[in-house]
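my_file_6.pdb (PDB, N, CA and C atoms) appears below.
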ATOM      1  N   GLY A 158     106.394  79.171  91.111
ATOM      2  CA  GLY A 158     107.172  80.187  90.455
ATOM      3  C   GLY A 158     106.944  81.537  91.095
ATOM      4  N   VAL A 159     107.650  82.495  90.599
ATOM      5  CA  VAL A 159     107.542  83.865  91.074
ATOM      6  C   VAL A 159     106.543  84.589  90.189
ATOM      7  N   PRO A 160     105.547  85.258  90.761
ATOM      8  CA  PRO A 160     104.566  85.965  89.931
ATOM      9  C   PRO A 160     105.196  87.095  89.129
ATOM     10  N   LEU A 161     104.664  87.306  87.938
ATOM     11  CA  LEU A 161     105.127  88.422  87.114
ATOM     12  C   LEU A 161     104.579  89.707  87.698
ATOM     13  N   ARG A 162     105.429  90.450  88.367
ATOM     14  CA  ARG A 162     105.034  91.739  88.908
ATOM     15  C   ARG A 162     106.286  92.535  89.203
ATOM     16  N   ARG A 163     106.110  93.811  89.342
ATOM     17  CA  ARG A 163     107.248  94.659  89.678
ATOM     18  C   ARG A 163     107.557  94.493  91.153
ATOM     19  N   VAL A 164     108.827  94.389  91.455
ATOM     20  CA  VAL A 164     109.258  94.197  92.825
ATOM     21  C   VAL A 164     110.224  95.313  93.179
ATOM     22  N   ASN A 165     110.022  95.888  94.339
ATOM     23  CA  ASN A 165     110.928  96.914  94.826
ATOM     24  C   ASN A 165     112.302  96.290  95.025
ATOM     25  N   SER A 166     113.352  97.013  94.657
ATOM     26  CA  SER A 166     114.713  96.474  94.750
ATOM     27  C   SER A 166     115.128  96.192  96.187
ATOM     28  N   ARG A 167     114.436  96.749  97.152
ATOM     29  CA  ARG A 167     114.749  96.460  98.554
ATOM     30  C   ARG A 167     114.438  95.015  98.919
ATOM     31  N   TYR A 168     113.541  94.388  98.186
ATOM     32  CA  TYR A 168     113.128  93.028  98.484
ATOM     33  C   TYR A 168     113.866  91.979  97.652
ATOM     34  N   VAL A 169     114.822  92.400  96.848
ATOM     35  CA  VAL A 169     115.557  91.488  95.986
ATOM     36  C   VAL A 169     116.909  91.185  96.623
ATOM     37  N   ILE A 170     117.258  89.910  96.667
ATOM     38  CA  ILE A 170     118.555  89.493  97.181
ATOM     39  C   ILE A 170     119.447  89.215  95.982
ATOM     40  N   ALA A 171     120.482  90.006  95.842
ATOM     41  CA  ALA A 171     121.393  89.873  94.706
ATOM     42  C   ALA A 171     122.353  88.716  94.951
ATOM     43  N   THR A 172     122.485  87.831  93.967
ATOM     44  CA  THR A 172     123.424  86.718  94.046
ATOM     45  C   THR A 172     124.177  86.626  92.725
ATOM     46  N   SER A 173     125.153  85.768  92.683
ATOM     47  CA  SER A 173     125.912  85.574  91.445
ATOM     48  C   SER A 173     125.338  84.432  90.613
ATOM     49  N   THR A 174     124.242  83.835  91.048
ATOM     50  CA  THR A 174     123.606  82.737  90.315
ATOM     51  C   THR A 174     122.989  83.269  89.026
ATOM     52  N   LYS A 175     123.276  82.580  87.934
ATOM     53  CA  LYS A 175     122.758  83.020  86.638
ATOM     54  C   LYS A 175     121.986  81.887  85.983
ATOM     55  N   ILE A 176     120.919  82.264  85.298
ATOM     56  CA  ILE A 176     120.095  81.318  84.554
ATOM     57  C   ILE A 176     120.016  81.819  83.119
ATOM     58  N   ASP A 177     120.226  80.924  82.165
ATOM     59  CA  ASP A 177     120.144  81.284  80.755
ATOM     60  C   ASP A 177     118.672  81.398  80.368
ATOM     61  N   ILE A 178     118.215  82.608  80.069
ATOM     62  CA  ILE A 178     116.800  82.817  79.737
ATOM     63  C   ILE A 178     116.621  83.270  78.286
ATOM     64  N   LYS A 179     117.522  82.848  77.423
ATOM     65  CA  LYS A 179     117.395  83.207  76.011
ATOM     66  C   LYS A 179     116.155  82.597  75.379
ATOM     67  N   ALA A 180     115.716  81.451  75.870
ATOM     68  CA  ALA A 180     114.550  80.767  75.303
ATOM     69  C   ALA A 180     113.233  81.338  75.809
ATOM     70  N   VAL A 181     113.283  82.210  76.813
ATOM     71  CA  VAL A 181     112.060  82.771  77.386
ATOM     72  C   VAL A 181     111.585  83.918  76.508
ATOM     73  N   ASP A 182     110.340  83.847  76.058
ATOM     74  CA  ASP A 182     109.757  84.901  75.235
ATOM     75  C   ASP A 182     109.196  85.989  76.152
ATOM     76  N   THR A 183     109.890  87.119  76.222
ATOM     77  CA  THR A 183     109.470  88.210  77.102
ATOM     78  C   THR A 183     108.862  89.368  76.316
ATOM     79  N   ALA A 184     108.454  89.116  75.078
ATOM     80  CA  ALA A 184     107.900  90.184  74.244
ATOM     81  C   ALA A 184     106.575  90.707  74.803
ATOM     82  N   LYS A 185     105.805  89.828  75.455
ATOM     83  CA  LYS A 185     104.502  90.247  75.987
ATOM     84  C   LYS A 185     104.601  90.912  77.357
ATOM     85  N   VAL A 186     105.765  90.828  77.988
ATOM     86  CA  VAL A 186     105.957  91.460  79.297
ATOM     87  C   VAL A 186     106.426  92.892  79.049
ATOM     88  N   THR A 187     105.472  93.826  79.097
ATOM     89  CA  THR A 187     105.760  95.229  78.830
ATOM     90  C   THR A 187     105.286  96.084  79.999
ATOM     91  N   ASN A 188     105.543  97.374  79.919
ATOM     92  CA  ASN A 188     105.090  98.290  80.971
ATOM     93  C   ASN A 188     103.568  98.327  81.064
ATOM     94  N   ASP A 189     102.885  98.137  79.934
ATOM     95  CA  ASP A 189     101.419  98.153  79.939
ATOM     96  C   ASP A 189     100.833  97.010  80.760
ATOM     97  N   LEU A 190     101.572  95.919  80.893
ATOM     98  CA  LEU A 190     101.112  94.776  81.667
ATOM     99  C   LEU A 190     100.971  95.130  83.142
ATOM    100  N   PHE A 191     101.796  96.044  83.622
ATOM    101  CA  PHE A 191     101.825  96.382  85.036
ATOM    102  C   PHE A 191     100.989  97.607  85.397
ATOM    103  N   LYS A 192     100.392  98.257  84.407
ATOM    104  CA  LYS A 192      99.584  99.437  84.690
ATOM    105  C   LYS A 192      98.259  99.045  85.320
ATOM    106  N   ARG A 193      97.822  99.861  86.246
ATOM    107  CA  ARG A 193      96.522  99.635  86.880
ATOM    108  C   ARG A 193      95.468 100.444  86.141
ATOM    109  N   ALA A 194      94.245  99.987  86.244
ATOM    110  CA  ALA A 194      93.142 100.702  85.612
ATOM    111  C   ALA A 194      92.914 102.020  86.349
ATOM    112  N   ALA A 195      92.669 103.068  85.593
ATOM    113  CA  ALA A 195      92.445 104.381  86.189
ATOM    114  C   ALA A 195      91.085 104.409  86.865
ATOM    115  N   GLY A 196      91.063 104.871  88.093
ATOM    116  CA  GLY A 196      89.815 104.952  88.838
ATOM    117  C   GLY A 196      89.155 106.304  88.641
ATOM    118  N   ASP A 197      87.891 106.378  88.965
ATOM    119  CA  ASP A 197      87.173 107.637  88.862
ATOM    120  C   ASP A 197      87.581 108.545  90.018
ATOM    121  N   LYS A 198      87.920 109.780  89.676
ATOM    122  CA  LYS A 198      88.307 110.733  90.719
ATOM    123  C   LYS A 198      87.183 111.732  90.918
ATOM    124  N   LYS A 199      86.895 112.027  92.177
ATOM    125  CA  LYS A 199      85.862 112.991  92.499
ATOM    126  C   LYS A 199      86.472 114.384  92.558
ATOM    127  N   ALA A 200      85.674 115.355  92.174
ATOM    128  CA  ALA A 200      86.101 116.740  92.316
ATOM    129  C   ALA A 200      85.941 117.124  93.780
ATOM    130  N   LYS A 201      87.005 117.639  94.362
ATOM    131  CA  LYS A 201      86.976 117.987  95.780
ATOM    132  C   LYS A 201      86.803 119.494  95.938
ATOM    133  N   GLY A 202      85.962 119.853  96.880
ATOM    134  CA  GLY A 202      85.731 121.263  97.160
ATOM    135  C   GLY A 202      85.811 121.527  98.652
ATOM    136  N   GLU A 203      85.410 122.718  99.040
ATOM    137  CA  GLU A 203      85.483 123.095 100.450
ATOM    138  C   GLU A 203      84.531 122.269 101.306
ATOM    139  N   LYS A 204      83.369 121.939 100.771
ATOM    140  CA  LYS A 204      82.392 121.158 101.528
ATOM    141  C   LYS A 204      82.921 119.745 101.792
ATOM    142  N   ASP A 205      83.642 119.203 100.832
ATOM    143  CA  ASP A 205      84.166 117.859 100.979
ATOM    144  C   ASP A 205      85.293 117.783 102.003
ATOM    145  N   PHE A 206      85.932 118.904 102.247
ATOM    146  CA  PHE A 206      87.080 118.897 103.147
ATOM    147  C   PHE A 206      86.691 118.577 104.579
ATOM    148  N   MET A 207      85.696 119.243 105.110
ATOM    149  CA  MET A 207      85.299 119.009 106.496
ATOM    150  C   MET A 207      83.779 118.891 106.669
ATOM    151  N   GLY A 208      83.086 118.429 105.643
ATOM    152  CA  GLY A 208      81.637 118.268 105.748
ATOM    153  C   GLY A 208      81.285 117.174 106.737
ATOM    154  N   ASP A 209      80.183 117.339 107.455
ATOM    155  CA  ASP A 209      79.793 116.381 108.482
ATOM    156  C   ASP A 209      79.456 115.008 107.900
ATOM    157  N   LYS A 210      78.735 115.000 106.773
ATOM    158  CA  LYS A 210      78.356 113.727 106.174
ATOM    159  C   LYS A 210      79.590 112.981 105.662
ATOM    160  N   ASP A 211      80.482 113.715 105.022
ATOM    161  CA  ASP A 211      81.684 113.083 104.491
ATOM    162  C   ASP A 211      82.607 112.611 105.611
ATOM    163  N   LYS A 212      82.654 113.391 106.682
ATOM    164  CA  LYS A 212      83.497 113.015 107.802
ATOM    165  C   LYS A 212      82.973 111.732 108.447
ATOM    166  N   ALA A 213      81.676 111.628 108.608
ATOM    167  CA  ALA A 213      81.075 110.429 109.199
ATOM    168  C   ALA A 213      81.292 109.215 108.304
ATOM    169  N   SER A 214      81.145 109.408 106.993
ATOM    170  CA  SER A 214      81.351 108.274 106.089
ATOM    171  C   SER A 214      82.824 107.873 106.041
ATOM    172  N   ALA A 215      83.731 108.839 106.161
ATOM    173  CA  ALA A 215      85.162 108.524 106.171
ATOM    174  C   ALA A 215      85.529 107.731 107.413
ATOM    175  N   GLU A 216      84.957 108.104 108.557
ATOM    176  CA  GLU A 216      85.225 107.360 109.786
ATOM    177  C   GLU A 216      84.643 105.956 109.707
ATOM    178  N   LYS A 217      83.496 105.848 109.087
ATOM    179  CA  LYS A 217      82.846 104.549 108.940
ATOM    180  C   LYS A 217      83.703 103.639 108.049
ATOM    181  N   ASN A 218      84.220 104.183 106.954
ATOM    182  CA  ASN A 218      85.040 103.408 106.028
ATOM    183  C   ASN A 218      86.399 103.080 106.622
ATOM    184  N   ALA A 219      86.914 103.923 107.507
ATOM    185  CA  ALA A 219      88.229 103.705 108.085
ATOM    186  C   ALA A 219      88.247 102.517 109.035
ATOM    187  N   LYS A 220      87.104 102.123 109.553
ATOM    188  CA  LYS A 220      87.042 101.021 110.500
ATOM    189  C   LYS A 220      87.012  99.660 109.811
ATOM    190  N   LYS A 221      86.989  99.632 108.486
ATOM    191  CA  LYS A 221      86.958  98.367 107.760
ATOM    192  C   LYS A 221      88.302  97.657 107.881
ATOM    193  N   THR A 222      88.261  96.352 107.777
ATOM    194  CA  THR A 222      89.485  95.577 107.873
ATOM    195  C   THR A 222      90.241  95.622 106.552
ATOM    196  N   VAL A 223      91.482  95.213 106.590
ATOM    197  CA  VAL A 223      92.319  95.220 105.398
ATOM    198  C   VAL A 223      91.808  94.220 104.377
ATOM    199  N   LYS A 224      91.307  93.084 104.812
ATOM    200  CA  LYS A 224      90.830  92.056 103.884
ATOM    201  C   LYS A 224      89.645  92.548 103.058
ATOM    202  N   SER A 225      88.745  93.280 103.669
ATOM    203  CA  SER A 225      87.569  93.728 102.929
ATOM    204  C   SER A 225      87.921  94.827 101.941
ATOM    205  N   ALA A 226      88.928  95.624 102.237
ATOM    206  CA  ALA A 226      89.322  96.709 101.344
ATOM    207  C   ALA A 226      90.288  96.231 100.267
ATOM    208  N   LYS A 227      90.823  95.039 100.424
ATOM    209  CA  LYS A 227      91.857  94.556  99.530
ATOM    210  C   LYS A 227      91.347  94.239  98.128
ATOM    211  N   SER A 228      90.192  93.660  97.997
ATOM    212  CA  SER A 228      89.724  93.176  96.709
ATOM    213  C   SER A 228      88.730  94.114  96.035
ATOM    214  N   LYS A 229      88.920  95.408  96.177
ATOM    215  CA  LYS A 229      88.004  96.360  95.556
ATOM    216  C   LYS A 229      88.537  96.926  94.251
ATOM    217  N   GLY A 230      89.570  96.318  93.672
ATOM    218  CA  GLY A 230      90.132  96.796  92.426
ATOM    219  C   GLY A 230      89.194  96.541  91.266
ATOM    220  N   PRO A 231      89.611  96.922  90.059
ATOM    221  CA  PRO A 231      88.743  96.727  88.902
ATOM    222  C   PRO A 231      88.465  95.255  88.615
ATOM    223  N   ASN A 232      89.405  94.366  88.958
ATOM    224  CA  ASN A 232      89.188  92.936  88.742
ATOM    225  C   ASN A 232      88.639  92.257  89.983
ATOM    226  N   GLY A 233      88.512  92.962  91.074
ATOM    227  CA  GLY A 233      88.018  92.376  92.312
ATOM    228  C   GLY A 233      89.015  91.406  92.926
ATOM    229  N   GLY A 234      90.318  91.625  92.697
ATOM    230  CA  GLY A 234      91.336  90.750  93.252
ATOM    231  C   GLY A 234      91.590  89.508  92.425
ATOM    232  N   LYS A 235      90.975  89.384  91.269
ATOM    233  CA  LYS A 235      91.135  88.211  90.404
ATOM    234  C   LYS A 235      92.220  88.477  89.366
ATOM    235  N   VAL A 236      92.904  87.427  88.957
ATOM    236  CA  VAL A 236      93.931  87.519  87.923
ATOM    237  C   VAL A 236      93.297  87.109  86.603
ATOM    238  N   SER A 237      93.564  87.878  85.543
ATOM    239  CA  SER A 237      92.948  87.585  84.251
ATOM    240  C   SER A 237      93.549  86.317  83.645
ATOM    241  N   ASP A 238      92.802  85.695  82.738
ATOM    242  CA  ASP A 238      93.269  84.476  82.081
ATOM    243  C   ASP A 238      94.492  84.751  81.214
ATOM    244  N   GLU A 239      94.532  85.930  80.606
ATOM    245  CA  GLU A 239      95.685  86.308  79.782
ATOM    246  C   GLU A 239      96.954  86.344  80.632
ATOM    247  N   ARG A 240      96.840  86.921  81.813
ATOM    248  CA  ARG A 240      97.991  87.025  82.720
ATOM    249  C   ARG A 240      98.413  85.641  83.224
ATOM    250  N   LYS A 241      97.437  84.762  83.494
ATOM    251  CA  LYS A 241      97.743  83.395  83.926
ATOM    252  C   LYS A 241      98.489  82.632  82.844
ATOM    253  N   ASN A 242      98.024  82.764  81.586
ATOM    254  CA  ASN A 242      98.675  82.070  80.479
ATOM    255  C   ASN A 242     100.093  82.585  80.263
ATOM    256  N   LEU A 243     100.289  83.894  80.379
ATOM    257  CA  LEU A 243     101.623  84.471  80.241
ATOM    258  C   LEU A 243     102.538  83.950  81.340
ATOM    259  N   GLN A 244     102.010  83.853  82.563
ATOM    260  CA  GLN A 244     102.786  83.331  83.688
ATOM    261  C   GLN A 244     103.214  81.894  83.431
ATOM    262  N   LYS A 245     102.284  81.074  82.900
ATOM    263  CA  LYS A 245     102.599  79.676  82.632
ATOM    264  C   LYS A 245     103.674  79.528  81.570
ATOM    265  N   THR A 246     103.602  80.334  80.505
ATOM    266  CA  THR A 246     104.602  80.226  79.439
ATOM    267  C   THR A 246     105.981  80.632  79.932
ATOM    268  N   VAL A 247     106.048  81.685  80.725
ATOM    269  CA  VAL A 247     107.343  82.132  81.262
ATOM    270  C   VAL A 247     107.896  81.087  82.228
ATOM    271  N   ASP A 248     107.045  80.546  83.087
ATOM    272  CA  ASP A 248     107.491  79.535  84.053
ATOM    273  C   ASP A 248     108.010  78.277  83.362
ATOM    274  N   THR A 249     107.277  77.793  82.357
ATOM    275  CA  THR A 249     107.706  76.566  81.675
ATOM    276  C   THR A 249     109.029  76.779  80.945
ATOM    277  N   ALA A 250     109.244  77.951  80.359
ATOM    278  CA  ALA A 250     110.502  78.232  79.663
ATOM    279  C   ALA A 250     111.663  78.314  80.644
ATOM    280  N   ILE A 251     111.447  78.907  81.805
ATOM    281  CA  ILE A 251     112.513  79.008  82.804
ATOM    282  C   ILE A 251     112.838  77.633  83.382
ATOM    283  N   ILE A 252     111.818  76.837  83.654
ATOM    284  CA  ILE A 252     112.047  75.488  84.182
ATOM    285  C   ILE A 252     112.792  74.630  83.162
ATOM    286  N   ALA A 253     112.442  74.781  81.890
ATOM    287  CA  ALA A 253     113.132  74.028  80.838
ATOM    288  C   ALA A 253     114.597  74.431  80.750
ATOM    289  N   SER A 254     114.883  75.726  80.894
ATOM    290  CA  SER A 254     116.281  76.166  80.841
ATOM    291  C   SER A 254     117.052  75.701  82.073
ATOM    292  N   LEU A 255     116.388  75.583  83.211
ATOM    293  CA  LEU A 255     117.047  75.052  84.409
ATOM    294  C   LEU A 255     117.369  73.573  84.245
ATOM    295  N   LYS A 256     116.476  72.827  83.608
ATOM    296  CA  LYS A 256     116.713  71.400  83.411
ATOM    297  C   LYS A 256     117.874  71.147  82.451
ATOM    298  N   LYS A 257     118.093  72.043  81.503
ATOM    299  CA  LYS A 257     119.189  71.897  80.550
ATOM    300  C   LYS A 257     120.541  72.206  81.180
ATOM    301  N   ASP A 258     120.548  72.965  82.251
ATOM    302  CA  ASP A 258     121.788  73.376  82.901
ATOM    303  C   ASP A 258     122.465  72.174  83.561
ATOM    304  N   SER A 259     123.807  72.183  83.587
ATOM    305  CA  SER A 259     124.537  71.058  84.166
ATOM    306  C   SER A 259     124.336  70.944  85.674
ATOM    307  N   VAL A 260     124.159  72.042  86.357
ATOM    308  CA  VAL A 260     123.903  72.026  87.811
ATOM    309  C   VAL A 260     122.495  72.518  88.099
ATOM    310  N   GLY A 261     121.573  72.159  87.240
ATOM    311  CA  GLY A 261     120.195  72.630  87.349
ATOM    312  C   GLY A 261     119.498  72.190  88.615
ATOM    313  N   LYS A 262     119.751  70.949  89.051
ATOM    314  CA  LYS A 262     119.105  70.457  90.267
ATOM    315  C   LYS A 262     119.565  71.241  91.487
ATOM    316  N   GLN A 263     120.830  71.585  91.510
ATOM    317  CA  GLN A 263     121.353  72.370  92.629
ATOM    318  C   GLN A 263     120.771  73.783  92.610
ATOM    319  N   LYS A 264     120.627  74.352  91.422
ATOM    320  CA  LYS A 264     120.062  75.697  91.316
ATOM    321  C   LYS A 264     118.602  75.722  91.742
ATOM    322  N   VAL A 265     117.862  74.677  91.391
ATOM    323  CA  VAL A 265     116.464  74.608  91.789
ATOM    324  C   VAL A 265     116.360  74.575  93.302
ATOM    325  N   GLY A 266     117.185  73.771  93.939
ATOM    326  CA  GLY A 266     117.188  73.715  95.399
ATOM    327  C   GLY A 266     117.603  75.032  96.018
ATOM    328  N   TYR A 267     118.579  75.697  95.393
ATOM    329  CA  TYR A 267     119.059  76.981  95.879
ATOM    330  C   TYR A 267     117.975  78.056  95.741
ATOM    331  N   LEU A 268     117.292  78.058  94.608
ATOM    332  CA  LEU A 268     116.274  79.062  94.349
ATOM    333  C   LEU A 268     115.025  78.845  95.212
ATOM    334  N   LYS A 269     114.763  77.620  95.635
ATOM    335  CA  LYS A 269     113.612  77.343  96.492
ATOM    336  C   LYS A 269     113.830  77.862  97.906
ATOM    337  N   SER A 270     115.087  77.945  98.325
ATOM    338  CA  SER A 270     115.361  78.358  99.710
ATOM    339  C   SER A 270     115.206  79.824  99.955
TER     340      SER A 270
END
Taking this structure as input, can you express it in the form of structure tokens?
Amino acid sequence: GVPLRRVNSRYVIATSTKIDIKAVDTAKVTNDLFKRAAGDKKAKGEKDFMGDKDKASAEKNAKKTVKSAKSKGPNGGKVSDERKNLQKTVDTAIIASLKKDSVGKQKVGYLKS
């Protein structure tokens, strides 16, 4: 299935294919679900702007790979159990509505491509 997340409209391909999602319970999918945890912000001053120690540490941190910097979020790159359960309920409801459709098999093949 498609993960529950906000997607930029540039990455969406608009089609005329429609799926009846009246049976899908979307009450738990709110804006709060997509908010990130607020991180601690440091107070910046003149010393922080061009200090030698900070400059050296910034250069040291800049050489890290993308993979090592990727999982430093509040969850450490892990998905919560609540989010997994919500994903499963939405997926099962959408799959059930596709199976009820008269051309559901064709839509499944179309959506997989």
How would you write, as number ranges by chain, the residues chosen by the PyMOL selection byres ((chain A and resi 166-181) around 6.5) on this structure?
A: 164-165, 182-184, 247, 250-251, 254
Go ahead and save the picked residues with N, CA and C atoms, as an mmCIF file, in the coordinates of the input.
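Saved file out21.cif follows:
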data_model
loop_
_atom_site.group_PDB
_atom_site.id
_atom_site.type_symbol
_atom_site.label_atom_id
_atom_site.label_comp_id
_atom_site.auth_asym_id
_atom_site.auth_seq_id
_atom_site.Cartn_x
_atom_site.Cartn_y
_atom_site.Cartn_z
ATOM 1 N N VAL A 164 108.827 94.389 91.455
ATOM 2 C CA VAL A 164 109.258 94.197 92.825
ATOM 3 C C VAL A 164 110.224 95.313 93.179
ATOM 4 N N ASN A 165 110.022 95.888 94.339
ATOM 5 C CA ASN A 165 110.928 96.914 94.826
ATOM 6 C C ASN A 165 112.302 96.290 95.025
ATOM 7 N N ASP A 182 110.340 83.847 76.058
ATOM 8 C CA ASP A 182 109.757 84.901 75.235
ATOM 9 C C ASP A 182 109.196 85.989 76.152
ATOM 10 N N THR A 183 109.890 87.119 76.222
ATOM 11 C CA THR A 183 109.470 88.210 77.102
ATOM 12 C C THR A 183 108.862 89.368 76.316
ATOM 13 N N ALA A 184 108.454 89.116 75.078
ATOM 14 C CA ALA A 184 107.900 90.184 74.244
ATOM 15 C C ALA A 184 106.575 90.707 74.803
ATOM 16 N N VAL A 247 106.048 81.685 80.725
ATOM 17 C CA VAL A 247 107.343 82.132 81.262
ATOM 18 C C VAL A 247 107.896 81.087 82.228
ATOM 19 N N ALA A 250 109.244 77.951 80.359
ATOM 20 C CA ALA A 250 110.502 78.232 79.663
ATOM 21 C C ALA A 250 111.663 78.314 80.644
ATOM 22 N N ILE A 251 111.447 78.907 81.805
ATOM 23 C CA ILE A 251 112.513 79.008 82.804
ATOM 24 C C ILE A 251 112.838 77.633 83.382
ATOM 25 N N SER A 254 114.883 75.726 80.894
ATOM 26 C CA SER A 254 116.281 76.166 80.841
ATOM 27 C C SER A 254 117.052 75.701 82.073
#
One decimal, Å: what's the distance from atom N of Tyr267 (chain A) over to CA of Ala253 (chain A), could you say?
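Computing the Euclidean distance for atom N of Tyr267 (chain A) and CA of Ala253 (chain A) yields 15.6 Å.
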What's the separation between atom N of Thr246 (chain A) and atom C of Leu161 (chain A), in Å to one decimal place?
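Separating atom N of Thr246 (chain A) from atom C of Leu161 (chain A) is a distance of 11.9 Å.
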I need the residue set behind the PyMOL selection byres (((chain A and resi 187 and name CA) around 12) and name CA) for this file; please write it as a list of chain:residue names.
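For this structure, the PyMOL selection byres (((chain A and resi 187 and name CA) around 12) and name CA) captures A:Leu161, A:Arg162, A:Arg163, A:Asp182, A:Thr183, A:Ala184, A:Lys185, A:Val186, A:Asn188, A:Asp189, A:Leu190, A:Phe191, A:Lys192, A:Arg240, A:Leu243.
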Could you save those same residues with N, CA and C atoms as a short mmCIF file (atom, residue, chain, number, x, y, z; two decimals), in the coordinates of the input?
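Saved to out_24.cif:
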data_model
loop_
_atom_site.label_atom_id
_atom_site.label_comp_id
_atom_site.auth_asym_id
_atom_site.auth_seq_id
_atom_site.Cartn_x
_atom_site.Cartn_y
_atom_site.Cartn_z
N LEU A 161 104.66 87.31 87.94
CA LEU A 161 105.13 88.42 87.11
C LEU A 161 104.58 89.71 87.70
N ARG A 162 105.43 90.45 88.37
CA ARG A 162 105.03 91.74 88.91
C ARG A 162 106.29 92.54 89.20
N ARG A 163 106.11 93.81 89.34
CA ARG A 163 107.25 94.66 89.68
C ARG A 163 107.56 94.49 91.15
N ASP A 182 110.34 83.85 76.06
CA ASP A 182 109.76 84.90 75.24
C ASP A 182 109.20 85.99 76.15
N THR A 183 109.89 87.12 76.22
CA THR A 183 109.47 88.21 77.10
C THR A 183 108.86 89.37 76.32
N ALA A 184 108.45 89.12 75.08
CA ALA A 184 107.90 90.18 74.24
C ALA A 184 106.58 90.71 74.80
N LYS A 185 105.80 89.83 75.46
CA LYS A 185 104.50 90.25 75.99
C LYS A 185 104.60 90.91 77.36
N VAL A 186 105.76 90.83 77.99
CA VAL A 186 105.96 91.46 79.30
C VAL A 186 106.43 92.89 79.05
N ASN A 188 105.54 97.37 79.92
CA ASN A 188 105.09 98.29 80.97
C ASN A 188 103.57 98.33 81.06
N ASP A 189 102.88 98.14 79.93
CA ASP A 189 101.42 98.15 79.94
C ASP A 189 100.83 97.01 80.76
N LEU A 190 101.57 95.92 80.89
CA LEU A 190 101.11 94.78 81.67
C LEU A 190 100.97 95.13 83.14
N PHE A 191 101.80 96.04 83.62
CA PHE A 191 101.82 96.38 85.04
C PHE A 191 100.99 97.61 85.40
N LYS A 192 100.39 98.26 84.41
CA LYS A 192 99.58 99.44 84.69
C LYS A 192 98.26 99.04 85.32
N ARG A 240 96.84 86.92 81.81
CA ARG A 240 97.99 87.02 82.72
C ARG A 240 98.41 85.64 83.22
N LEU A 243 100.29 83.89 80.38
CA LEU A 243 101.62 84.47 80.24
C LEU A 243 102.54 83.95 81.34
#
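Of note, CA of Gln244 (chain A) and CA of Gln263 (chain A) are spaced 23.3 Å apart.
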